[in-house]
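Right, one structure below, let's go through it.
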2 protein chains.
Amino acid sequence: MASPLSSQEPRWRRLPEERPGQILNAALAVFGERGLAASRLEDIAKRAGLSKGTIYLYFPNKEELFREVVRHTVITQLEEGERIVSENATSATSATETLTEFMQRYWTFIRSAQFAPIFRLIHAEIHNFPDLARFYGEEVVARGHRLISGIIARGVESGEFRQIDPAVAARMLSAHFVMHGLWCTHRECFTSIAKKSDEQVLDELMQFYLYAIRPCDANQRERGTVTL
Amino acid sequence: MASPLSSQEPRWRRLPEERPGQILNAALAVFGERGLAASRLEDIAKRAGLSKGTIYLYFPNKEELFREVVRHTVITQLEEGERIVSENATSATSATETLTEFMQRYWTFIRSAQFAPIFRLIHAEIHNFPDLARFYGEEVVARGHRLISGIIARGVESGEFRQIDPAVAARMLSAHFVMHGLWCTHRECFTSIAKKSDEQVLDELMQFYLYAIRPCDANQRERGTVTL
DNA sequence: TCTATATTACTGACGCGTCAGTTATTTGTA
DNA sequence: TACAAATAACTGACGCGTCAGTAATATAGA
């Protein structure tokens with residue numbers, strides 16, 4: 001794997017700035033695969049190209065490392081998400097266009113390497129870390145739903161979407177995306193999507209959802225333009 | 001909790017027939033709370049009102065116990081589900097009625113004490129137990145989706161539902177229900193459903209989904225009859 | 001040379017799995 | 001019916017491996 005160490009190269013390099021991030025990434029990967037209890041600090045260290053002791057220079061213990069992994073990952077994703085959304089806010093497009101673009105972004109987020117492990121971890125440890133659970137519920141789920149329902153509400157007002165409770169519609173969208181994301185992460189197990197690409201699945205999600213929130217007449221019109 | 005033992009009552013009773021089931025139930029509860037690795041056999045034993053050694057009279061080791069917990073729970077639920085569906089098959093009702101009734105049953109299943117823990121466990125251990133993952137994917141998810149798409153297909157044919165790929169529609173239904181089931185299990189964390197009852201959530205699910213699969217004209221008509 | 005950074009070797013707690021021993025129940029015998 | 005012997009069911013303390021956390025040692029880099 002690695003080239004044989006020339007005697008010149010140091011066995012390791014001092015990189016105190018980069019260590020926390022490296023450790024957090026490695027930890028997310030290992031925690032995500034094995035779960036908190038079954039993950040060994042030594043495996044995390046190996047994955048980060050370090051020794052176990054080094055982890056303890058940056059994190060007080062396994063539990064705090066776990067907390068930081070969740071917080072760090074979630075916050076990183078959140079900022080990334082917010083950046084994306086604010087980019088889009090500049091162009092004053094229709095609610096449908098905004099929503100479509102949002103769904104595309106949302107799907108890439110859901111299908112990113114971080115989402116599935118974090119989701120699993122949070123749901124697995126929700127009993128043991130109520131503080132993280134609350135943090136996740138408030139800062140991620142609720143915040144995300146608020147973002148979506150904002151778009152929906154605008155569409156309802158403009159008549160692009162039917163009279164529907166935006167909060168409900170937001171939950172439905174989220175449920176679709178999260179669940180399909182999880183299934184796609186384990187394609188090999190779930191035959192119904194085994195042969196479909198991420199793009200195909202997204203397409204199905206968008207079509208289904210848009211039909212579900214559009215008023216009857218809009219769907220009528222849409223039907224005319226699309227050939228089955 | 002327990003009444004003080006009268007000197008007559010034995011410290012324990014021989015119940016070889018009932019033991020496996022008791023152990024499996026206790027194990028599901030503990031595994032579901034703590035996860036596989038963090039669960040101690042002694043806690044499971046205590047919960048079942050037994051000592052640790054007794055577990056080893058019925059199961060070879062922790063891992064096999066886990067396998068059996070998943071298989072047993074899943075199969076039990078599956079049989080229950082099938083019983084319910086076959087009951088309903090006798091009455092020749094409309095696809096909409098069948099679907100509505102199915103959704104009600106499905107929701108009670110999803111909201112049962114067993115569903116959330118099993119879901120968490122399978123998703124947490126999917127990497128470590130590929131055999132269970134395949135079993136779950138084939139025998140539960142795929143089978144369930146086939147059941148649903150059968151109902152949908154009938155509705156499409158009869159014109160009750162719009163022209164939609166029944167397999168896709170089945171997945172969407174499932175995604176809605178599973179995800180909302182998980183959220184409802186942790187109401188305290190998810191503010192958007194914190195104040196809603198299970199019945200309200202089901203109602204929202206049904207209304208949203210039915211709109212999404214009905215043809216435009218049916219939704220038009222429906223709109224007339226329902227006051228918002 | 002000095003010290004912050006990293007490694008390696010170690011310790012102790014914890015929990016799985018075992019098994020010698022205990023208790024409930026059944027069966028045989030009077 | 002009564003009680004002893006046999007058996008099946010169950011218990012809980014202990015051995016042994018594993019791993020989080022720590023102490024002692026090494027090395028990069030100023």
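Within each chain, counting starts at residue 1; across the structure tokens, chains are named A, B, ... in the order shown, with ligands numbered 1 upward in that order.
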
Secondary structure check, helix (DSSP H, G or I) residues of region 132-216 of chain B, as a PDB file with C-alpha atoms, in the first residue's frame:
ATOM      1  CA  LEU B 132     -29.827 -10.517   8.210  1.00  0.00           C
ATOM      2  CA  ALA B 133     -29.742  -7.496   5.931  1.00  0.00           C
ATOM      3  CA  ARG B 134     -30.553  -9.625   2.897  1.00  0.00           C
ATOM      4  CA  PHE B 135     -33.254 -11.470   4.789  1.00  0.00           C
ATOM      5  CA  TYR B 136     -34.804  -8.184   5.879  1.00  0.00           C
ATOM      6  CA  GLY B 137     -34.528  -6.634   2.428  1.00  0.00           C
ATOM      7  CA  GLU B 138     -36.119  -9.593   0.693  1.00  0.00           C
ATOM      8  CA  GLU B 139     -38.607 -10.921   3.191  1.00  0.00           C
ATOM      9  CA  VAL B 140     -39.793  -7.689   4.729  1.00  0.00           C
ATOM     10  CA  VAL B 141     -39.169  -4.640   2.584  1.00  0.00           C
ATOM     11  CA  ALA B 142     -39.570  -6.225  -0.860  1.00  0.00           C
ATOM     12  CA  ARG B 143     -42.463  -8.406   0.293  1.00  0.00           C
ATOM     13  CA  GLY B 144     -44.186  -5.431   1.861  1.00  0.00           C
ATOM     14  CA  HIS B 145     -43.702  -3.312  -1.214  1.00  0.00           C
ATOM     15  CA  ARG B 146     -45.101  -6.084  -3.394  1.00  0.00           C
ATOM     16  CA  LEU B 147     -48.170  -6.239  -1.197  1.00  0.00           C
ATOM     17  CA  ILE B 148     -48.740  -2.501  -1.499  1.00  0.00           C
ATOM     18  CA  SER B 149     -48.056  -2.299  -5.212  1.00  0.00           C
ATOM     19  CA  GLY B 150     -50.622  -5.038  -5.726  1.00  0.00           C
ATOM     20  CA  ILE B 151     -53.285  -2.818  -4.219  1.00  0.00           C
ATOM     21  CA  ILE B 152     -52.077   0.214  -6.173  1.00  0.00           C
ATOM     22  CA  ALA B 153     -51.994  -1.705  -9.456  1.00  0.00           C
ATOM     23  CA  ARG B 154     -55.614  -2.741  -8.939  1.00  0.00           C
ATOM     24  CA  GLY B 155     -56.538   0.892  -8.338  1.00  0.00           C
ATOM     25  CA  VAL B 156     -54.688   2.081 -11.433  1.00  0.00           C
ATOM     26  CA  GLU B 157     -56.482  -0.483 -13.534  1.00  0.00           C
ATOM     27  CA  SER B 158     -59.876   0.472 -12.174  1.00  0.00           C
ATOM     28  CA  PRO B 166     -47.137   0.841  -8.623  1.00  0.00           C
ATOM     29  CA  ALA B 167     -43.643  -0.087  -7.425  1.00  0.00           C
ATOM     30  CA  VAL B 168     -42.703   3.577  -7.112  1.00  0.00           C
ATOM     31  CA  ALA B 169     -45.950   4.440  -5.367  1.00  0.00           C
ATOM     32  CA  ALA B 170     -45.423   1.581  -2.927  1.00  0.00           C
ATOM     33  CA  ARG B 171     -41.979   2.856  -1.999  1.00  0.00           C
ATOM     34  CA  MET B 172     -43.323   6.345  -1.424  1.00  0.00           C
ATOM     35  CA  LEU B 173     -46.034   5.065   0.888  1.00  0.00           C
ATOM     36  CA  SER B 174     -43.551   2.989   2.817  1.00  0.00           C
ATOM     37  CA  ALA B 175     -41.070   5.864   3.134  1.00  0.00           C
ATOM     38  CA  HIS B 176     -43.786   8.121   4.549  1.00  0.00           C
ATOM     39  CA  PHE B 177     -44.927   5.638   7.102  1.00  0.00           C
ATOM     40  CA  VAL B 178     -41.546   4.390   8.285  1.00  0.00           C
ATOM     41  CA  MET B 179     -40.056   7.842   8.674  1.00  0.00           C
ATOM     42  CA  HIS B 180     -43.061   9.263  10.460  1.00  0.00           C
ATOM     43  CA  GLY B 181     -43.068   6.194  12.672  1.00  0.00           C
ATOM     44  CA  LEU B 182     -39.490   6.900  13.709  1.00  0.00           C
ATOM     45  CA  TRP B 183     -40.232  10.538  14.361  1.00  0.00           C
ATOM     46  CA  CYS B 184     -43.278   9.677  16.439  1.00  0.00           C
ATOM     47  CA  THR B 185     -41.169   7.289  18.512  1.00  0.00           C
ATOM     48  CA  ARG B 187     -41.731  12.895  19.739  1.00  0.00           C
ATOM     49  CA  GLU B 188     -39.899  14.861  22.401  1.00  0.00           C
ATOM     50  CA  CYS B 189     -37.046  15.592  19.970  1.00  0.00           C
ATOM     51  CA  THR B 191     -41.149  19.599  17.622  1.00  0.00           C
ATOM     52  CA  SER B 192     -43.141  19.477  14.395  1.00  0.00           C
ATOM     53  CA  ILE B 193     -45.072  16.421  15.577  1.00  0.00           C
ATOM     54  CA  ALA B 194     -44.607  16.836  19.318  1.00  0.00           C
ATOM     55  CA  ASP B 198     -50.682   9.246  16.254  1.00  0.00           C
ATOM     56  CA  GLU B 199     -54.153   9.464  14.762  1.00  0.00           C
ATOM     57  CA  GLN B 200     -53.597  13.000  13.516  1.00  0.00           C
ATOM     58  CA  VAL B 201     -50.312  12.033  11.912  1.00  0.00           C
ATOM     59  CA  LEU B 202     -51.923   9.038  10.231  1.00  0.00           C
ATOM     60  CA  ASP B 203     -54.668  11.271   8.959  1.00  0.00           C
ATOM     61  CA  GLU B 204     -52.166  13.646   7.409  1.00  0.00           C
ATOM     62  CA  LEU B 205     -50.303  10.754   5.854  1.00  0.00           C
ATOM     63  CA  MET B 206     -53.432   9.295   4.315  1.00  0.00           C
ATOM     64  CA  GLN B 207     -54.744  12.580   2.978  1.00  0.00           C
ATOM     65  CA  PHE B 208     -51.410  13.511   1.457  1.00  0.00           C
ATOM     66  CA  TYR B 209     -50.816  10.119  -0.081  1.00  0.00           C
ATOM     67  CA  LEU B 210     -54.279   9.643  -1.486  1.00  0.00           C
ATOM     68  CA  TYR B 211     -54.120  13.033  -3.174  1.00  0.00           C
ATOM     69  CA  ALA B 212     -50.741  12.053  -4.626  1.00  0.00           C
ATOM     70  CA  ILE B 213     -52.009   8.920  -6.336  1.00  0.00           C
ATOM     71  CA  CYS B 216     -56.703  14.961 -11.248  1.00  0.00           C
TER      72      CYS B 216
END

Residues of chain D within 7 Å of chain B: nearest atom pair and distance (Å, one decimal) for each, counting only C-alpha atoms (C1' of nucleotides), sorted by chain and number, as a Markdown table?
| residue | atom | partner | partner_atom | distance |
| --- | --- | --- | --- | --- |
| D:DA9 | C1' | B:Arg14 | CA | 5.7 |
| D:DC10 | C1' | B:Thr54 | CA | 6.1 |
| D:DT11 | C1' | B:Ser51 | CA | 6.2 |

Store the residues picked out above, limited to N, CA and C atoms (P, O5', C5', C4', C3', O3' and C1' of nucleotides), as a compact mmCIF listing (two decimals), in the first residue's frame.
# COMPACT_ATOMS: atom_id res chain seq x y z
P DA D 9 -35.67 -29.26 30.94
O5' DA D 9 -35.41 -28.18 32.09
C5' DA D 9 -36.47 -27.90 33.00
C4' DA D 9 -36.03 -26.77 33.90
C3' DA D 9 -35.48 -25.54 33.17
O3' DA D 9 -36.16 -24.41 33.71
C1' DA D 9 -33.95 -26.29 34.84
P DC D 10 -35.80 -22.94 33.14
O5' DC D 10 -34.69 -22.47 34.17
C5' DC D 10 -35.03 -22.44 35.57
C4' DC D 10 -33.79 -22.15 36.38
C3' DC D 10 -33.02 -20.89 35.99
O3' DC D 10 -33.21 -19.92 37.00
C1' DC D 10 -31.59 -22.70 36.60
P DT D 11 -32.44 -18.54 36.94
O5' DT D 11 -31.18 -18.86 37.85
C5' DT D 11 -31.38 -19.25 39.20
C4' DT D 11 -30.04 -19.30 39.91
C3' DT D 11 -29.22 -18.01 39.81
O3' DT D 11 -28.88 -17.62 41.13
C1' DT D 11 -27.91 -19.90 39.18

Report task. Quote the spacing between C1' of DC3 (chain D) and C1' of DA30 (chain C) in Å to one decimal place. Result ->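 These atoms are spaced 9.1 Å apart.
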
Requested in this report: Have a look at CA of Phe109 (chain A) and CA of Glu80 (chain A) and let me know their distance in Å, one decimal.
Outcome: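 Spanning CA of Phe109 (chain A) to CA of Glu80 (chain A) is a straight-line distance of 9.1 Å.
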
Selection: 9 Å around DT27 (chain C), only C-alpha atoms (C1' of nucleotides), excl. self and same-chain fewer than 3 positions, as an mmCIF file with C-alpha atoms (C1' of nucleotides), in the first residue's frame:
data_model
loop_
_atom_site.group_PDB
_atom_site.id
_atom_site.type_symbol
_atom_site.label_atom_id
_atom_site.label_comp_id
_atom_site.auth_asym_id
_atom_site.auth_seq_id
_atom_site.Cartn_x
_atom_site.Cartn_y
_atom_site.Cartn_z
ATOM 1 C "C1'" DA D 5 -34.204 -40.850 44.215
ATOM 2 C "C1'" DA D 6 -33.486 -39.092 39.694
ATOM 3 C "C1'" DT D 7 -33.656 -35.544 36.453
#

Report task. Considering only C-alpha atoms (C1' of nucleotides), return as a VMD selection string whatever protein or nucleic-acid residues lie within 12 Å of DC10 (chain C), sequence-local ones (same chain, fewer than 5 positions apart) excluded. Result -> chain D and resid 21 to 24

Any chance you could tabulate, as a tab-separated table, the residues of chain C at most 12 Å from chain A with each one's nearest atom pair and distance in Å to one decimal, using only C-alpha atoms (C1' of nucleotides), in chain and rising number order?
residue	atom	partner	partner_atom	distance
C:DA4	C1'	A:Arg14	CA	9.1
C:DT5	C1'	A:Arg14	CA	6.2
C:DA6	C1'	A:Thr54	CA	6.3
C:DT7	C1'	A:Ser51	CA	6.6
C:DT8	C1'	A:Ser51	CA	9.0
C:DA9	C1'	A:Gly53	CA	11.2

Next, write the just-selected residues to a file, as a PDB file, in the first residue's frame, keeping N, CA and C atoms (P, O5', C5', C4', C3', O3' and C1' of nucleotides) as the atom set.
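What ended up in part-v5.pdb:
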ATOM      1  P    DA C   4       5.800  22.896  25.702  1.00  0.00           P
ATOM      2  O5'  DA C   4       4.824  22.862  24.429  1.00  0.00           O
ATOM      3  C5'  DA C   4       5.235  23.439  23.210  1.00  0.00           C
ATOM      4  C4'  DA C   4       4.975  22.479  22.060  1.00  0.00           C
ATOM      5  C3'  DA C   4       3.626  21.768  22.121  1.00  0.00           C
ATOM      6  O3'  DA C   4       3.097  21.771  20.804  1.00  0.00           O
ATOM      7  C1'  DA C   4       5.355  20.146  22.042  1.00  0.00           C
ATOM      8  P    DT C   5       1.723  21.134  20.403  1.00  0.00           P
ATOM      9  O5'  DT C   5       2.113  19.702  19.829  1.00  0.00           O
ATOM     10  C5'  DT C   5       2.909  19.615  18.664  1.00  0.00           C
ATOM     11  C4'  DT C   5       3.267  18.185  18.425  1.00  0.00           C
ATOM     12  C3'  DT C   5       2.076  17.222  18.393  1.00  0.00           C
ATOM     13  O3'  DT C   5       2.084  16.590  17.134  1.00  0.00           O
ATOM     14  C1'  DT C   5       3.852  16.333  19.684  1.00  0.00           C
ATOM     15  P    DA C   6       0.872  15.646  16.659  1.00  0.00           P
ATOM     16  O5'  DA C   6       1.422  14.195  16.985  1.00  0.00           O
ATOM     17  C5'  DA C   6       2.509  13.689  16.228  1.00  0.00           C
ATOM     18  C4'  DA C   6       3.103  12.499  16.921  1.00  0.00           C
ATOM     19  C3'  DA C   6       2.145  11.309  17.103  1.00  0.00           C
ATOM     20  O3'  DA C   6       2.518  10.281  16.192  1.00  0.00           O
ATOM     21  C1'  DA C   6       3.558  11.659  19.003  1.00  0.00           C
ATOM     22  P    DT C   7       1.728   8.880  16.179  1.00  0.00           P
ATOM     23  O5'  DT C   7       2.683   8.024  17.110  1.00  0.00           O
ATOM     24  C5'  DT C   7       4.080   7.983  16.823  1.00  0.00           C
ATOM     25  C4'  DT C   7       4.775   7.032  17.780  1.00  0.00           C
ATOM     26  C3'  DT C   7       4.122   5.660  17.903  1.00  0.00           C
ATOM     27  O3'  DT C   7       5.128   4.676  17.800  1.00  0.00           O
ATOM     28  C1'  DT C   7       4.357   6.628  20.049  1.00  0.00           C
ATOM     29  P    DT C   8       4.698   3.147  17.506  1.00  0.00           P
ATOM     30  O5'  DT C   8       5.130   2.442  18.867  1.00  0.00           O
ATOM     31  C5'  DT C   8       6.276   2.900  19.564  1.00  0.00           C
ATOM     32  C4'  DT C   8       6.248   2.354  20.968  1.00  0.00           C
ATOM     33  C3'  DT C   8       5.603   0.969  21.108  1.00  0.00           C
ATOM     34  O3'  DT C   8       6.515   0.162  21.830  1.00  0.00           O
ATOM     35  C1'  DT C   8       4.631   2.492  22.657  1.00  0.00           C
ATOM     36  P    DA C   9       6.192  -1.377  22.187  1.00  0.00           P
ATOM     37  O5'  DA C   9       5.882  -1.256  23.730  1.00  0.00           O
ATOM     38  C5'  DA C   9       6.760  -0.517  24.574  1.00  0.00           C
ATOM     39  C4'  DA C   9       6.205  -0.528  25.978  1.00  0.00           C
ATOM     40  C3'  DA C   9       5.652  -1.887  26.430  1.00  0.00           C
ATOM     41  O3'  DA C   9       5.964  -2.059  27.811  1.00  0.00           O
ATOM     42  C1'  DA C   9       3.927  -0.295  26.521  1.00  0.00           C
TER      43       DA C   9
END

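Every protein or nucleic acid residue with an atom no more than 9 Å from DC19 (chain D), counting only C-alpha atoms (C1' of nucleotides) and leaving out same-chain residues fewer than 4 positions away, appears here: Arg40, Leu41 and Glu42 of chain A.
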
Residue selection dump (N, CA and C atoms) as an mmCIF file, in the first residue's frame:
data_model
loop_
_atom_site.group_PDB
_atom_site.id
_atom_site.type_symbol
_atom_site.label_atom_id
_atom_site.label_comp_id
_atom_site.auth_asym_id
_atom_site.auth_seq_id
_atom_site.Cartn_x
_atom_site.Cartn_y
_atom_site.Cartn_z
ATOM 1 N N ARG A 40 -13.420 0.630 18.179
ATOM 2 C CA ARG A 40 -12.240 0.709 19.035
ATOM 3 C C ARG A 40 -11.443 1.950 18.692
ATOM 4 N N LEU A 41 -11.009 2.645 19.733
ATOM 5 C CA LEU A 41 -10.216 3.851 19.526
ATOM 6 C C LEU A 41 -9.010 3.560 18.646
ATOM 7 N N GLU A 42 -8.459 2.361 18.787
ATOM 8 C CA GLU A 42 -7.277 1.996 18.018
ATOM 9 C C GLU A 42 -7.581 1.977 16.520
#

Query raised in the report: Within 12 Å of Ala218 (chain B), counting only C-alpha atoms (C1' of nucleotides), which residues qualify if same-chain residues fewer than 3 places away don't, as a list in words?
Result: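 These residues fall inside the cut-off: Cys216, Asp217, Asn219 and Gln220 of chain A; Thr96, Gly159, Glu160, Phe161, Arg162, Leu210, Tyr211, Ala212, Ile213, Arg214, Pro215, Arg221, Glu222, Arg223, Gly224 and Thr225 of chain B.
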
Query raised in the report: Between CA of His123 (chain B) and CA of Gly21 (chain A), what is the spacing in Å?
Result: 26.3 Å

Report task. Name the residues in contact with DC14 (chain D) at a cut-off of 12 Å, using only C-alpha atoms (C1' of nucleotides), excluding same-chain residues fewer than 6 positions from it; report them as a PyMOL selection string. Result -> chain C and resi 16-20

**Report entry** Given only C-alpha atoms as the counted atoms, nearest of A:Ile122, A:Ala37, A:Ala48, A:Ile75 to chain B
**Finding:**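 Smallest separation from chain B among the options: A:Ala37.
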
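In terms of minimum interatomic distance to chain A, B:Glu33 ranks closest within B:Glu33, B:Glu101, B:Glu79, B:Glu18, counting only C-alpha atoms.
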
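Comparing A:Met103, A:Ala27, A:Leu78, A:Leu36 by their smallest distance to chain B, the closest is A:Leu36 (using only C-alpha atoms).
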
Report task. Would you please work out which residue, of B:Arg105, B:Lys46, B:Lys196, B:Arg67, is nearest to chain A when using only C-alpha atoms? Result ->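 Among the listed residues, B:Lys196 lies closest to chain A.
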